[in-house]
Amino acid sequence: MLALAHARITIMANIILLEDESVLRAELADFLGEQGHCVDTAGSIGEFEQKFCPERQLIAIVDLGLPDGEGLDLITRLREDGDRIGIIVATARSGGRNKAKGLIQGADHYLSKPFELDELAATITALARRLEDGAIRPRWLLDTLRCQLTPPGKAAIDLTSQSYIVFRTIVSGAGKPVSRRKIVEALGENYLHYDQRRLDTQMYQLRKLVLDACGMDLPVATARGRGYQITEAVDLRG
């Protein structure tokens with residue numbers, strides 16, 4: 001069994017998790033999501049290659065024994081392609097020789113199953129911090145006086161008052177899921193009498209506004225059954 005972590009992370013990261021065992025994959029994805037990370041999952045190398053986006057994902061967690069190939073070969077290809085991504089091996093293959101081989105192939109860290117979730121969380125935080133420190137990465141900016149959202153490297157986007165309130169409330173969660181109730185009440189509405197479809201429409205319009213204006217996705221993920229959470233760092237000004 002994997003032990004639950006008690007410490008919260010301070011750095012959010014976009015992660016792709018490659019694990020063929022479905023129960024463990026779901027457990028790890030839920031844990032990482034609760035820690036504030038945005039997680040894509042894959043059960044095979046083929047699925048990983050379909051979902052992998054080096055411009056968006058910062059860290060890959062890779063199992064080695066996979067149904068359609070060898071995780072070490074995937075790591076080699078990632079390094080040969082020159083993709084700037086942190087790689088954490090999470091595998092049942094223990095022992096110094098296996099660990100040395102994984103690190104030589106290009107992994108940044110090597111965790112042997114079973115591992116503590118605290119250890120995984122700390123490894124991700126350390127690796128994300130090192131990767132972020134090694135590059136200048138523009139951040140989203142929310143102007144709280146002008147109600148404007150500025151995507152990285154793009155022009156400012158004017159938000160409606162309601163869109164601003166919705167987005168600002170989600171940002172206040174600092175990467176943790178923000179409940180629909182909290183968002184509705186921030187809008188000054190009674191949650192018990194509020195038509196939930198209005199919030200769905202509000203989120204759709206906000207996402208479309210940002211996508212149409214700059215070609216980028218709004219950094220907000222749906223936390224199933226819990227609300228919404230921010231997936232990238234957002235600076236506040238005003």
# chains A, B, ... in the order shown; residues from 1 in each chain; ligands from 1
>>> select_by_dssp(residues="range 23-108 of chain A", states="helix (DSSP H, G or I)", output="PyMOL selection string")
chain A and resi 23-34+45-51+71-80+96-105
>>> write_last_selection(atoms="N, CA and C atoms", output="tab-separated table (two decimals), in the first residue's frame")
chain	number	residue	atom	x	y	z
A	23	VAL	N	-5.66	0.48	-11.05
A	23	VAL	CA	-6.00	0.92	-9.69
A	23	VAL	C	-4.92	1.85	-9.15
A	24	LEU	N	-3.65	1.48	-9.33
A	24	LEU	CA	-2.55	2.32	-8.87
A	24	LEU	C	-2.53	3.64	-9.64
A	25	ARG	N	-2.81	3.58	-10.94
A	25	ARG	CA	-2.83	4.80	-11.75
A	25	ARG	C	-3.88	5.77	-11.22
A	26	ALA	N	-5.06	5.25	-10.92
A	26	ALA	CA	-6.13	6.11	-10.40
A	26	ALA	C	-5.76	6.67	-9.03
A	27	GLU	N	-5.16	5.83	-8.17
A	27	GLU	CA	-4.78	6.28	-6.83
A	27	GLU	C	-3.74	7.40	-6.90
A	28	LEU	N	-2.73	7.22	-7.74
A	28	LEU	CA	-1.68	8.23	-7.88
A	28	LEU	C	-2.24	9.51	-8.49
A	29	ALA	N	-3.09	9.38	-9.50
A	29	ALA	CA	-3.67	10.57	-10.14
A	29	ALA	C	-4.51	11.36	-9.16
A	30	ASP	N	-5.30	10.67	-8.33
A	30	ASP	CA	-6.13	11.35	-7.33
A	30	ASP	C	-5.24	12.07	-6.31
A	31	PHE	N	-4.21	11.40	-5.86
A	31	PHE	CA	-3.31	12.00	-4.88
A	31	PHE	C	-2.63	13.25	-5.45
A	32	LEU	N	-2.11	13.14	-6.66
A	32	LEU	CA	-1.42	14.28	-7.26
A	32	LEU	C	-2.38	15.44	-7.52
A	33	GLY	N	-3.61	15.11	-7.91
A	33	GLY	CA	-4.62	16.16	-8.10
A	33	GLY	C	-4.93	16.87	-6.81
A	34	GLU	N	-5.04	16.11	-5.71
A	34	GLU	CA	-5.30	16.71	-4.41
A	34	GLU	C	-4.13	17.60	-3.96
A	45	ILE	N	2.53	2.97	-23.59
A	45	ILE	CA	3.41	3.90	-24.29
A	45	ILE	C	2.66	4.59	-25.42
A	46	GLY	N	1.83	3.85	-26.12
A	46	GLY	CA	1.06	4.43	-27.21
A	46	GLY	C	0.16	5.55	-26.73
A	47	GLU	N	-0.51	5.34	-25.61
A	47	GLU	CA	-1.39	6.37	-25.06
A	47	GLU	C	-0.57	7.55	-24.56
A	48	PHE	N	0.58	7.27	-23.97
A	48	PHE	CA	1.48	8.35	-23.53
A	48	PHE	C	1.86	9.24	-24.70
A	49	GLU	N	2.25	8.62	-25.81
A	49	GLU	CA	2.70	9.40	-26.97
A	49	GLU	C	1.57	10.22	-27.57
A	50	GLN	N	0.33	9.76	-27.43
A	50	GLN	CA	-0.82	10.53	-27.91
A	50	GLN	C	-1.07	11.75	-27.03
A	51	LYS	N	-0.85	11.62	-25.74
A	51	LYS	CA	-1.20	12.68	-24.79
A	51	LYS	C	-0.03	13.59	-24.44
A	71	GLY	N	9.71	0.99	-20.73
A	71	GLY	CA	9.76	2.38	-20.32
A	71	GLY	C	11.11	3.03	-20.52
A	72	LEU	N	12.18	2.27	-20.37
A	72	LEU	CA	13.52	2.82	-20.58
A	72	LEU	C	13.72	3.29	-22.03
A	73	ASP	N	13.13	2.56	-22.97
A	73	ASP	CA	13.24	2.98	-24.38
A	73	ASP	C	12.50	4.30	-24.61
A	74	LEU	N	11.36	4.45	-23.94
A	74	LEU	CA	10.61	5.71	-24.05
A	74	LEU	C	11.44	6.86	-23.48
A	75	ILE	N	12.06	6.64	-22.34
A	75	ILE	CA	12.89	7.69	-21.73
A	75	ILE	C	14.03	8.07	-22.67
A	76	THR	N	14.65	7.08	-23.29
A	76	THR	CA	15.73	7.37	-24.24
A	76	THR	C	15.24	8.24	-25.38
A	77	ARG	N	14.05	7.93	-25.92
A	77	ARG	CA	13.50	8.71	-27.03
A	77	ARG	C	13.20	10.15	-26.59
A	78	LEU	N	12.66	10.30	-25.38
A	78	LEU	CA	12.36	11.64	-24.89
A	78	LEU	C	13.64	12.48	-24.80
A	79	ARG	N	14.71	11.89	-24.32
A	79	ARG	CA	15.97	12.61	-24.21
A	79	ARG	C	16.57	12.88	-25.59
A	80	GLU	N	16.46	11.94	-26.49
A	80	GLU	CA	17.01	12.15	-27.83
A	80	GLU	C	16.25	13.24	-28.58
A	96	GLY	N	20.32	-1.58	-6.98
A	96	GLY	CA	21.24	-0.55	-7.46
A	96	GLY	C	21.50	-0.60	-8.94
A	97	ARG	N	21.60	-1.80	-9.51
A	97	ARG	CA	21.91	-1.90	-10.94
A	97	ARG	C	20.77	-1.34	-11.78
A	98	ASN	N	19.51	-1.69	-11.42
A	98	ASN	CA	18.37	-1.17	-12.17
A	98	ASN	C	18.27	0.34	-12.03
A	99	LYS	N	18.51	0.85	-10.81
A	99	LYS	CA	18.45	2.29	-10.59
A	99	LYS	C	19.51	3.01	-11.40
A	100	ALA	N	20.74	2.47	-11.39
A	100	ALA	CA	21.81	3.09	-12.16
A	100	ALA	C	21.47	3.12	-13.64
A	101	LYS	N	20.90	2.03	-14.15
A	101	LYS	CA	20.54	1.97	-15.56
A	101	LYS	C	19.49	3.02	-15.90
A	102	GLY	N	18.49	3.16	-15.02
A	102	GLY	CA	17.44	4.14	-15.27
A	102	GLY	C	17.98	5.56	-15.30
A	103	LEU	N	18.87	5.88	-14.37
A	103	LEU	CA	19.45	7.22	-14.33
A	103	LEU	C	20.36	7.47	-15.53
A	104	ILE	N	21.09	6.46	-15.95
A	104	ILE	CA	21.96	6.61	-17.11
A	104	ILE	C	21.14	6.83	-18.38
A	105	GLN	N	19.98	6.16	-18.46
A	105	GLN	CA	19.12	6.30	-19.64
A	105	GLN	C	18.50	7.69	-19.74
>>> atom_distance(atom1="CA of Ala42 in chain A", atom2="CA of Leu131 in chain A")
22.6 Å
>>> residues_around(residues="range 162-174 of chain A", least_positions_apart="6", cutoff="12 Å", atoms="only C-alpha atoms", output="ChimeraX atom specification")
/A:8-12,34-37,140-149,180-189,198-210,218-223,226-237
>>> closest_residue(among="A:Ile88, A:Ala155, A:Val178, A:Cys53", to="Thr123 in chain A", atoms="only C-alpha atoms")
A:Ile88
>>> atom_distance(atom1="CA of Pro151 in chain A", atom2="CA of Asp212 in chain A")
12.2 Å
>>> atom_distance(atom1="CA of Ala121 in chain A", atom2="CA of Arg93 in chain A")
20.1 Å
>>> closest_residue(among="A:Gly95, A:Pro177, A:Pro114, A:Gly106", to="Asp81 in chain A", atoms="only C-alpha atoms")
A:Gly106
>>> select_by_dssp(residues="range 42-162 of chain A", states="strand (DSSP E or B)", output="PyMOL selection string")
chain A and resi 42+59-62+65-66+69-70+86-91+109-112+140-143+148-150+157-158
>>> write_last_selection(atoms="N, CA, C and O atoms", output="short mmCIF file (atom, residue, chain, number, x, y, z; two decimals), in the first residue's frame")
data_model
loop_
_atom_site.label_atom_id
_atom_site.label_comp_id
_atom_site.auth_asym_id
_atom_site.auth_seq_id
_atom_site.Cartn_x
_atom_site.Cartn_y
_atom_site.Cartn_z
N ALA A 42 -1.82 7.82 -18.59
CA ALA A 42 -1.71 6.91 -19.72
C ALA A 42 -1.42 5.51 -19.18
O ALA A 42 -0.70 5.36 -18.18
N ILE A 59 6.64 17.40 -16.04
CA ILE A 59 7.20 16.20 -15.43
C ILE A 59 6.46 14.97 -15.94
O ILE A 59 5.23 14.97 -16.07
N ALA A 60 7.22 13.90 -16.22
CA ALA A 60 6.65 12.60 -16.58
C ALA A 60 7.01 11.59 -15.49
O ALA A 60 8.17 11.51 -15.08
N ILE A 61 6.01 10.85 -15.02
CA ILE A 61 6.24 9.74 -14.09
C ILE A 61 6.06 8.46 -14.90
O ILE A 61 4.97 8.23 -15.44
N VAL A 62 7.10 7.65 -15.00
CA VAL A 62 7.11 6.55 -15.98
C VAL A 62 7.37 5.21 -15.29
O VAL A 62 8.37 5.05 -14.59
N GLY A 65 7.94 -1.54 -16.89
CA GLY A 65 7.34 -2.69 -17.54
C GLY A 65 5.95 -2.38 -18.03
O GLY A 65 5.01 -2.30 -17.25
N LEU A 66 5.80 -2.19 -19.35
CA LEU A 66 4.53 -1.73 -19.91
C LEU A 66 4.01 -2.72 -20.95
O LEU A 66 4.81 -3.48 -21.55
N GLY A 69 5.69 -2.12 -24.54
CA GLY A 69 7.09 -1.75 -24.70
C GLY A 69 7.80 -1.55 -23.40
O GLY A 69 7.28 -1.85 -22.31
N GLU A 70 8.99 -1.02 -23.48
CA GLU A 70 9.88 -0.82 -22.35
C GLU A 70 9.99 0.66 -22.01
O GLU A 70 10.29 1.49 -22.87
N GLY A 86 11.12 16.84 -16.88
CA GLY A 86 11.66 16.06 -15.79
C GLY A 86 11.06 14.67 -15.81
O GLY A 86 9.88 14.50 -16.09
N ILE A 87 11.88 13.66 -15.56
CA ILE A 87 11.42 12.28 -15.63
C ILE A 87 11.67 11.58 -14.31
O ILE A 87 12.80 11.54 -13.81
N ILE A 88 10.59 11.02 -13.75
CA ILE A 88 10.68 10.23 -12.52
C ILE A 88 10.27 8.80 -12.86
O ILE A 88 9.16 8.56 -13.35
N VAL A 89 11.17 7.86 -12.65
CA VAL A 89 10.83 6.45 -12.83
C VAL A 89 10.15 5.95 -11.57
O VAL A 89 10.64 6.21 -10.45
N ALA A 90 9.01 5.27 -11.71
CA ALA A 90 8.31 4.66 -10.58
C ALA A 90 8.05 3.21 -10.97
O ALA A 90 7.16 2.92 -11.78
N THR A 91 8.82 2.28 -10.41
CA THR A 91 8.81 0.91 -10.90
C THR A 91 9.02 -0.09 -9.79
O THR A 91 9.53 0.24 -8.71
N HIS A 109 15.01 10.99 -11.43
CA HIS A 109 14.86 10.32 -10.14
C HIS A 109 14.33 8.91 -10.38
O HIS A 109 13.66 8.65 -11.39
N TYR A 110 14.61 8.02 -9.45
CA TYR A 110 14.22 6.61 -9.58
C TYR A 110 13.60 6.17 -8.26
O TYR A 110 14.27 6.13 -7.23
N LEU A 111 12.29 5.87 -8.28
CA LEU A 111 11.59 5.40 -7.09
C LEU A 111 11.19 3.94 -7.28
O LEU A 111 10.62 3.57 -8.31
N SER A 112 11.49 3.12 -6.28
CA SER A 112 11.15 1.70 -6.33
C SER A 112 9.85 1.45 -5.56
O SER A 112 9.69 1.93 -4.43
N TRP A 140 0.64 33.79 -16.04
CA TRP A 140 -0.63 34.46 -16.20
C TRP A 140 -0.70 35.60 -15.18
O TRP A 140 -0.18 35.50 -14.07
N LEU A 141 -1.35 36.69 -15.59
CA LEU A 141 -1.48 37.86 -14.72
C LEU A 141 -2.94 38.28 -14.68
O LEU A 141 -3.57 38.48 -15.71
N LEU A 142 -3.46 38.43 -13.45
CA LEU A 142 -4.83 38.89 -13.28
C LEU A 142 -4.79 40.26 -12.64
O LEU A 142 -4.32 40.42 -11.51
N ASP A 143 -5.27 41.27 -13.38
CA ASP A 143 -5.32 42.64 -12.87
C ASP A 143 -6.64 42.80 -12.12
O ASP A 143 -7.72 42.80 -12.73
N GLN A 148 -8.80 42.44 -15.84
CA GLN A 148 -8.16 41.96 -17.06
C GLN A 148 -7.30 40.74 -16.76
O GLN A 148 -6.63 40.67 -15.73
N LEU A 149 -7.32 39.79 -17.68
CA LEU A 149 -6.49 38.60 -17.58
C LEU A 149 -5.48 38.64 -18.72
O LEU A 149 -5.85 38.74 -19.89
N THR A 150 -4.20 38.57 -18.37
CA THR A 150 -3.14 38.60 -19.38
C THR A 150 -2.47 37.23 -19.45
O THR A 150 -1.78 36.83 -18.50
N ILE A 157 -6.79 40.61 -21.70
CA ILE A 157 -8.17 40.29 -22.10
C ILE A 157 -9.12 40.89 -21.07
O ILE A 157 -8.97 40.65 -19.86
N ASP A 158 -10.08 41.67 -21.53
CA ASP A 158 -11.07 42.26 -20.63
C ASP A 158 -12.08 41.18 -20.22
O ASP A 158 -12.64 40.48 -21.08
#
